[in-house]
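S.K.: Please see the structure below; I have some questions.
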Amino acid sequence: MMPMKPHLRLTPNTFTAVLPNRNAPVGAGGQAEDGGSVVENRLLSMLREGTRTRGEVQEVLGVSQTTAIRLLGELVKRGLVQKRGAGKNTVYELSS
């Protein structure tokens with residue numbers, strides 16, 4: 001994955017700071033070859049190694065809390081991931 005860096009766009013009277021969207025899927029059409037986003041595929045790879053908390057997902061993927069919740073929720077809804085526990089004891093694992 002290519003590192004994403006901010007850059008400045010300059011004109012004679014203004015400048016614009018362009019910040020990368022680290023949560024956006026990368027690749028042609030925003031999709032990985034299997035139809036999922038690159039970020040989703042990274043998340044599934046993490047879960048193949050064992051259960052994870054939302055906080056661990058946030059930290060490893062470098063996404064916001066909101067994005068981590070959305071990604072995990074989408075995978076749970078699609079039946080790829082199971083949610084166990086509640087509150088701070090919630091963990092996510094791949095579905096059997």
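Residues in the structure tokens are numbered from 1 in each chain, the chains being A, B, ... in the order shown, and ligands are numbered from 1 in the order shown.
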What lies within 12 Å of Thr67 in chain A using only C-alpha atoms, ignoring chain neighbours under 3 positions off, as JSON, numbers by chain?
M.R.: {"A": [21, 22, 23, 24, 39, 40, 43, 54, 55, 57, 58, 59, 61, 62, 63, 64, 70, 71, 72, 73, 74]}
S.K.: Using only C-alpha atoms, which of A:Gln65, A:Pro6, A:Leu80, A:Asn89 sits nearest Leu19 in chain A?
M.R.: A:Pro6
S.K.: Give me, please, the distance in Å between CA of Glu49 in chain A and CA of Ser95 in chain A, quoted to one decimal.
M.R.: 12.9 Å
S.K.: I'd like the contact shell of Ala17 in chain A - 10 Å cut-off, only C-alpha atoms, skipping same-chain residues fewer than 6 positions apart - returned as an NGL selection string.
M.R.: :A and (6-10)
S.K.: Quick one: distance from CA of Ile69 in chain A to CA of Lys5 in chain A in Å, one decimal?
M.R.: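 Interatomic distance here is 24.4 Å.
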S.K.: Which residue is closest to Gln82 in chain A? Choose from A:Ser96, A:Thr14, A:Thr53, A:Ser45 and count only C-alpha atoms.
M.R.: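 Closest candidate: A:Ser96.
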S.K.: Run DSSP on the backbone and grab whatever in range 11-95 of chain A lands in strand (DSSP E or B); send it over as a ChimeraX atom specification.
M.R.: /A:15-18,52,81-84,91-94
S.K.: In Å, rounded to a single decimal, give me how far CA of Gly87 in chain A is from CA of Leu47 in chain A.
M.R.: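 Result for CA of Leu47 in chain A versus CA of Gly87 in chain A: 19.1 Å, one decimal.
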